[in-house]
Amino acid sequence: MKLESILLPGVDPTRPLVIAGPCSAETEEQVMETAKELAADGIKIMRAGIWKPRTKPGGFEGIGSEGLQWLKRVKQETGMYVSTEVATQKHVYEALKYGVDLLWIGARTTANPFAVQEIAEALQGVDIPVLVKNPVNPDLELWIGALERLSNVGLTRIGAIHRGFSSFDKKIYRNLPQWHIPIELKRRYPDLPIICDPSHIGGKRDLIQPLSQQAMDLGFEGLIIETHCNPDCAWSDAAQQVTPPRLKEILANLVIRDGNKQTTEDLTALRRQIDELDDQLLELIAKRMRISQEIGTFKKEHGMTIVQTDRYDEILSKRIAQATEMKMNPEFMRVILEAIHEESVRVQLDILNK
Ligand code: PEP
Ligand code: MN
């Protein structure tokens, strides 16, 4: 994937890149009022859903193309950039016609390769940043597939939005963060910017501050936060939207730790030690496995069963007690010992069945 900056001219490149605005454009007044408050607080990119994918029919399905006029007015009167979600080719053409500056693909659309391909083809040859939300299901390959479809038509200003993954059993979060998934995405594509959407992860406005902080601590590049001039009366996602003054407070409270400082000499030296220790750990585990194999051969020759419960109990209790003395978490040690034991049993079973 060839990646270039998603930054728009004049937008501060320091973290976090902030995109804020209502879940949905509802009325011209609501859009303009929210926009003016955001612009006064220095927000440079506004979001507003024009076409809304709703779980069930009958809800507010977005104002449609009419709202694009309002976004154009936002640009003219506040100088902010504007962004919206596109789910079909028609959405792409309409948004481009009205000068929308940044597009995103919603979570339900990312899960549909036909729709993503159609959007990608409509965007071929257009120089615009496009952000891809994770699919609703926790499938990293599907997320990457959507990014690749955009990349394959020649788009380079591509980024990802982490908005959490849906689950049947909603407890704290509306969509489970499953942070390891965007972290793995970052590991595979270090230059791909990732924006966190704490509004859709949390589903409640109280969760936006801690989720935003967590995203910053994990090194995400930006935040997209649903902001509405009168959140309680919002036509969609009322519980998770904040007011512009609250957004300002959330952003001011963020502690931004500088990712680059992590490569100071001290840290490099410590990391070198960790690498060496990991080498030794692997050598030791490999050696232990080889001995385990020898034991397996011995057991086979002498017609012994593989699992000798007394011996396993002895190893577990002795080493867990030792770990506790060494100030390690006994549960952590149990998990490690059990994994090693399981693999030894598998290796010995292999020998027995040869
Ligand atoms: C949205 O951003 O308002 C939206 C519909 O989000 P998602 O695609 O993450 O559900
Ligand atoms: Mn929303």
# chains A, B, ... in the order shown; residues from 1 in each chain; ligands from 1

$ residues_near_ligand --ligand "ligand 2" --cutoff "7 Å" --atoms "only C-alpha atoms and all ligand atoms" --output "list in words"
Cys23, Ser24, His200, Glu226, Ser236 and Asp237 of chain A

$ closest_atom_pairs --of "chain A" --to "ligand 1" --cutoff "6 Å" --atoms "only C-alpha atoms and all ligand atoms" --output "Markdown table"
| residue | atom | partner | partner_atom_place_in_ligand_line | distance |
| --- | --- | --- | --- | --- |
| A:Cys23 | CA | ligand 1 | 3 (O) | 4.6 |
| A:Gly49 | CA | ligand 1 | 3 (O) | 5.9 |
| A:Gly106 | CA | ligand 1 | 8 (O) | 3.4 |
| A:Ala107 | CA | ligand 1 | 8 (O) | 3.9 |
| A:Arg108 | CA | ligand 1 | 8 (O) | 5.9 |
| A:Arg163 | CA | ligand 1 | 9 (O) | 5.3 |
| A:His200 | CA | ligand 1 | 9 (O) | 5.9 |

$ write_last_selection --atoms "C-alpha atoms" --output "PDB file, in the first residue's frame"
ATOM      1  CA  CYS A  23     -23.548  12.346  14.080  1.00  0.00           C
ATOM      2  CA  GLY A  49     -23.488  12.358   8.473  1.00  0.00           C
ATOM      3  CA  GLY A 106     -18.783   3.451   7.590  1.00  0.00           C
ATOM      4  CA  ALA A 107     -18.419   0.233   9.562  1.00  0.00           C
ATOM      5  CA  ARG A 108     -21.350  -1.505   7.908  1.00  0.00           C
ATOM      6  CA  ARG A 163     -14.792   2.565  16.086  1.00  0.00           C
ATOM      7  CA  HIS A 200     -19.120   4.965  18.667  1.00  0.00           C
TER       8      HIS A 200
END

$ select_by_dssp --residues "range 35-191 of chain A" --states "strand (DSSP E)" --output "count of residues only"
21

$ closest_residue --among "A:Gln308, A:Thr110, A:Thr27, A:Thr156" --to "Gly64 in chain A" --atoms "only C-alpha atoms"
A:Thr27

$ atom_distance --atom1 "CA of Ala35 in chain A" --atom2 "CA of Leu102 in chain A"
16.0 Å

$ residues_around --residues "Gln240 in chain A" --least-positions-apart "5" --cutoff "6 Å" --atoms "only C-alpha atoms" --output "PDB file with N, CA, C and O atoms, in the first residue's frame"
ATOM      1  N   SER A 199     -16.685   8.007  20.320  1.00  0.00           N
ATOM      2  CA  SER A 199     -18.139   8.178  20.423  1.00  0.00           C
ATOM      3  C   SER A 199     -18.850   6.866  20.129  1.00  0.00           C
ATOM      4  O   SER A 199     -19.730   6.435  20.876  1.00  0.00           O
ATOM      5  N   GLY A 203     -20.441   4.862  23.143  1.00  0.00           N
ATOM      6  CA  GLY A 203     -21.896   4.964  23.100  1.00  0.00           C
ATOM      7  C   GLY A 203     -22.465   5.870  24.184  1.00  0.00           C
ATOM      8  O   GLY A 203     -23.665   6.112  24.230  1.00  0.00           O
ATOM      9  N   LYS A 204     -21.592   6.352  25.075  1.00  0.00           N
ATOM     10  CA  LYS A 204     -22.028   7.250  26.163  1.00  0.00           C
ATOM     11  C   LYS A 204     -21.011   8.377  26.265  1.00  0.00           C
ATOM     12  O   LYS A 204     -19.805   8.127  26.197  1.00  0.00           O
ATOM     13  N   ARG A 205     -21.516   9.580  26.498  1.00  0.00           N
ATOM     14  CA  ARG A 205     -20.569  10.704  26.469  1.00  0.00           C
ATOM     15  C   ARG A 205     -19.523  10.633  27.568  1.00  0.00           C
ATOM     16  O   ARG A 205     -18.399  11.097  27.380  1.00  0.00           O
TER      17      ARG A 205
END

$ residues_around --residues "Met304 in chain A" --least-positions-apart "5" --cutoff "12 Å" --atoms "only C-alpha atoms" --output "number ranges by chain"
A: 295-299, 348-349, 352

$ select_by_dssp --residues "range 78-315 of chain A" --states "alpha helix (DSSP H)" --output "MDAnalysis selection string"
chainID A and resid 78 89:97 107:110 113:123 140:152 180:188 198:202 208:217 244:253 265:301 309:315

$ decode --residues "range 181-195 of chain A" --atoms "all heavy atoms" --output "PDB file, in the first residue's frame"
ATOM      1  N   ILE A 181      -6.691  -5.248  17.814  1.00  0.00           N
ATOM      2  CA  ILE A 181      -6.914  -5.300  16.363  1.00  0.00           C
ATOM      3  C   ILE A 181      -6.314  -4.064  15.660  1.00  0.00           C
ATOM      4  O   ILE A 181      -5.501  -4.212  14.752  1.00  0.00           O
ATOM      5  CB  ILE A 181      -8.407  -5.523  16.043  1.00  0.00           C
ATOM      6  CG1 ILE A 181      -8.820  -6.905  16.618  1.00  0.00           C
ATOM      7  CG2 ILE A 181      -8.669  -5.452  14.536  1.00  0.00           C
ATOM      8  CD1 ILE A 181     -10.285  -7.236  16.470  1.00  0.00           C
ATOM      9  N   PRO A 182      -6.675  -2.830  16.095  1.00  0.00           N
ATOM     10  CA  PRO A 182      -5.984  -1.696  15.455  1.00  0.00           C
ATOM     11  C   PRO A 182      -4.477  -1.684  15.729  1.00  0.00           C
ATOM     12  O   PRO A 182      -3.713  -1.214  14.888  1.00  0.00           O
ATOM     13  CB  PRO A 182      -6.668  -0.461  16.064  1.00  0.00           C
ATOM     14  CG  PRO A 182      -7.360  -0.947  17.288  1.00  0.00           C
ATOM     15  CD  PRO A 182      -7.745  -2.377  17.004  1.00  0.00           C
ATOM     16  N   ILE A 183      -4.051  -2.229  16.858  1.00  0.00           N
ATOM     17  CA  ILE A 183      -2.604  -2.279  17.137  1.00  0.00           C
ATOM     18  C   ILE A 183      -1.910  -3.192  16.117  1.00  0.00           C
ATOM     19  O   ILE A 183      -0.847  -2.870  15.593  1.00  0.00           O
ATOM     20  CB  ILE A 183      -2.332  -2.735  18.595  1.00  0.00           C
ATOM     21  CG1 ILE A 183      -2.743  -1.619  19.564  1.00  0.00           C
ATOM     22  CG2 ILE A 183      -0.866  -3.125  18.799  1.00  0.00           C
ATOM     23  CD1 ILE A 183      -2.747  -2.012  21.024  1.00  0.00           C
ATOM     24  N   GLU A 184      -2.551  -4.306  15.805  1.00  0.00           N
ATOM     25  CA  GLU A 184      -1.972  -5.212  14.801  1.00  0.00           C
ATOM     26  C   GLU A 184      -1.981  -4.542  13.416  1.00  0.00           C
ATOM     27  O   GLU A 184      -1.037  -4.697  12.638  1.00  0.00           O
ATOM     28  CB  GLU A 184      -2.749  -6.545  14.788  1.00  0.00           C
ATOM     29  CG  GLU A 184      -2.364  -7.530  13.698  1.00  0.00           C
ATOM     30  CD  GLU A 184      -0.898  -7.989  13.718  1.00  0.00           C
ATOM     31  OE1 GLU A 184      -0.204  -7.777  14.736  1.00  0.00           O
ATOM     32  OE2 GLU A 184      -0.447  -8.554  12.685  1.00  0.00           O
ATOM     33  N   LEU A 185      -3.040  -3.770  13.151  1.00  0.00           N
ATOM     34  CA  LEU A 185      -3.095  -3.042  11.872  1.00  0.00           C
ATOM     35  C   LEU A 185      -1.893  -2.096  11.775  1.00  0.00           C
ATOM     36  O   LEU A 185      -1.229  -2.003  10.744  1.00  0.00           O
ATOM     37  CB  LEU A 185      -4.417  -2.263  11.778  1.00  0.00           C
ATOM     38  CG  LEU A 185      -4.633  -1.426  10.516  1.00  0.00           C
ATOM     39  CD1 LEU A 185      -4.710  -2.305   9.271  1.00  0.00           C
ATOM     40  CD2 LEU A 185      -5.912  -0.591  10.629  1.00  0.00           C
ATOM     41  N   LYS A 186      -1.614  -1.413  12.879  1.00  0.00           N
ATOM     42  CA  LYS A 186      -0.496  -0.458  12.925  1.00  0.00           C
ATOM     43  C   LYS A 186       0.849  -1.184  12.778  1.00  0.00           C
ATOM     44  O   LYS A 186       1.779  -0.671  12.166  1.00  0.00           O
ATOM     45  CB  LYS A 186      -0.554   0.292  14.263  1.00  0.00           C
ATOM     46  CG  LYS A 186       0.330   1.499  14.352  1.00  0.00           C
ATOM     47  CD  LYS A 186      -0.259   2.643  13.554  1.00  0.00           C
ATOM     48  CE  LYS A 186       0.582   3.894  13.636  1.00  0.00           C
ATOM     49  NZ  LYS A 186       0.144   4.872  12.636  1.00  0.00           N
ATOM     50  N   ARG A 187       0.922  -2.380  13.362  1.00  0.00           N
ATOM     51  CA  ARG A 187       2.169  -3.136  13.256  1.00  0.00           C
ATOM     52  C   ARG A 187       2.428  -3.500  11.784  1.00  0.00           C
ATOM     53  O   ARG A 187       3.540  -3.423  11.303  1.00  0.00           O
ATOM     54  CB  ARG A 187       2.083  -4.412  14.105  1.00  0.00           C
ATOM     55  CG  ARG A 187       3.439  -5.099  14.310  1.00  0.00           C
ATOM     56  CD  ARG A 187       3.295  -6.418  15.049  1.00  0.00           C
ATOM     57  NE  ARG A 187       2.592  -7.422  14.256  1.00  0.00           N
ATOM     58  CZ  ARG A 187       3.135  -8.114  13.254  1.00  0.00           C
ATOM     59  NH1 ARG A 187       4.399  -7.927  12.942  1.00  0.00           N
ATOM     60  NH2 ARG A 187       2.421  -8.997  12.582  1.00  0.00           N
ATOM     61  N   ARG A 188       1.351  -3.847  11.082  1.00  0.00           N
ATOM     62  CA  ARG A 188       1.540  -4.240   9.686  1.00  0.00           C
ATOM     63  C   ARG A 188       1.740  -3.047   8.755  1.00  0.00           C
ATOM     64  O   ARG A 188       2.430  -3.150   7.761  1.00  0.00           O
ATOM     65  CB  ARG A 188       0.331  -5.045   9.202  1.00  0.00           C
ATOM     66  CG  ARG A 188       0.232  -6.371   9.931  1.00  0.00           C
ATOM     67  CD  ARG A 188      -0.462  -7.384   9.068  1.00  0.00           C
ATOM     68  NE  ARG A 188      -1.276  -8.244   9.894  1.00  0.00           N
ATOM     69  CZ  ARG A 188      -2.218  -9.043   9.413  1.00  0.00           C
ATOM     70  NH1 ARG A 188      -2.465  -9.059   8.119  1.00  0.00           N
ATOM     71  NH2 ARG A 188      -2.917  -9.804  10.222  1.00  0.00           N
ATOM     72  N   TYR A 189       1.091  -1.925   9.071  1.00  0.00           N
ATOM     73  CA  TYR A 189       1.211  -0.723   8.229  1.00  0.00           C
ATOM     74  C   TYR A 189       1.580   0.461   9.112  1.00  0.00           C
ATOM     75  O   TYR A 189       0.727   1.294   9.442  1.00  0.00           O
ATOM     76  CB  TYR A 189      -0.108  -0.435   7.490  1.00  0.00           C
ATOM     77  CG  TYR A 189      -0.541  -1.571   6.602  1.00  0.00           C
ATOM     78  CD1 TYR A 189      -1.443  -2.528   7.055  1.00  0.00           C
ATOM     79  CD2 TYR A 189      -0.017  -1.706   5.318  1.00  0.00           C
ATOM     80  CE1 TYR A 189      -1.816  -3.599   6.248  1.00  0.00           C
ATOM     81  CE2 TYR A 189      -0.390  -2.770   4.502  1.00  0.00           C
ATOM     82  CZ  TYR A 189      -1.288  -3.710   4.977  1.00  0.00           C
ATOM     83  OH  TYR A 189      -1.646  -4.764   4.173  1.00  0.00           O
ATOM     84  N   PRO A 190       2.857   0.560   9.501  1.00  0.00           N
ATOM     85  CA  PRO A 190       3.249   1.606  10.458  1.00  0.00           C
ATOM     86  C   PRO A 190       2.937   3.027   9.975  1.00  0.00           C
ATOM     87  O   PRO A 190       2.771   3.924  10.788  1.00  0.00           O
ATOM     88  CB  PRO A 190       4.758   1.400  10.610  1.00  0.00           C
ATOM     89  CG  PRO A 190       5.030   0.021  10.109  1.00  0.00           C
ATOM     90  CD  PRO A 190       3.974  -0.297   9.092  1.00  0.00           C
ATOM     91  N   ASP A 191       2.864   3.227   8.657  1.00  0.00           N
ATOM     92  CA  ASP A 191       2.606   4.586   8.162  1.00  0.00           C
ATOM     93  C   ASP A 191       1.127   4.894   7.977  1.00  0.00           C
ATOM     94  O   ASP A 191       0.766   5.985   7.542  1.00  0.00           O
ATOM     95  CB  ASP A 191       3.317   4.795   6.813  1.00  0.00           C
ATOM     96  CG  ASP A 191       4.825   4.686   6.974  1.00  0.00           C
ATOM     97  OD1 ASP A 191       5.315   5.012   8.077  1.00  0.00           O
ATOM     98  OD2 ASP A 191       5.490   4.251   6.015  1.00  0.00           O
ATOM     99  N   LEU A 192       0.271   3.933   8.283  1.00  0.00           N
ATOM    100  CA  LEU A 192      -1.166   4.166   8.112  1.00  0.00           C
ATOM    101  C   LEU A 192      -1.694   4.937   9.322  1.00  0.00           C
ATOM    102  O   LEU A 192      -1.604   4.458  10.454  1.00  0.00           O
ATOM    103  CB  LEU A 192      -1.893   2.817   8.018  1.00  0.00           C
ATOM    104  CG  LEU A 192      -3.402   2.881   7.819  1.00  0.00           C
ATOM    105  CD1 LEU A 192      -3.734   3.226   6.366  1.00  0.00           C
ATOM    106  CD2 LEU A 192      -4.059   1.547   8.191  1.00  0.00           C
ATOM    107  N   PRO A 193      -2.236   6.150   9.096  1.00  0.00           N
ATOM    108  CA  PRO A 193      -2.764   6.875  10.259  1.00  0.00           C
ATOM    109  C   PRO A 193      -4.038   6.203  10.791  1.00  0.00           C
ATOM    110  O   PRO A 193      -4.879   5.773  10.006  1.00  0.00           O
ATOM    111  CB  PRO A 193      -3.081   8.271   9.709  1.00  0.00           C
ATOM    112  CG  PRO A 193      -2.927   8.206   8.236  1.00  0.00           C
ATOM    113  CD  PRO A 193      -2.333   6.897   7.837  1.00  0.00           C
ATOM    114  N   ILE A 194      -4.142   6.131  12.100  1.00  0.00           N
ATOM    115  CA  ILE A 194      -5.354   5.564  12.700  1.00  0.00           C
ATOM    116  C   ILE A 194      -5.997   6.612  13.605  1.00  0.00           C
ATOM    117  O   ILE A 194      -5.362   7.197  14.470  1.00  0.00           O
ATOM    118  CB  ILE A 194      -5.073   4.272  13.501  1.00  0.00           C
ATOM    119  CG1 ILE A 194      -4.332   3.250  12.631  1.00  0.00           C
ATOM    120  CG2 ILE A 194      -6.386   3.670  14.008  1.00  0.00           C
ATOM    121  CD1 ILE A 194      -4.124   1.888  13.275  1.00  0.00           C
ATOM    122  N   ILE A 195      -7.269   6.833  13.340  1.00  0.00           N
ATOM    123  CA  ILE A 195      -8.062   7.805  14.088  1.00  0.00           C
ATOM    124  C   ILE A 195      -8.990   6.991  14.983  1.00  0.00           C
ATOM    125  O   ILE A 195      -9.580   6.016  14.526  1.00  0.00           O
ATOM    126  CB  ILE A 195      -8.951   8.628  13.108  1.00  0.00           C
ATOM    127  CG1 ILE A 195      -8.165   9.148  11.895  1.00  0.00           C
ATOM    128  CG2 ILE A 195      -9.724   9.720  13.822  1.00  0.00           C
ATOM    129  CD1 ILE A 195      -7.193  10.213  12.153  1.00  0.00           C
TER     130      ILE A 195
END
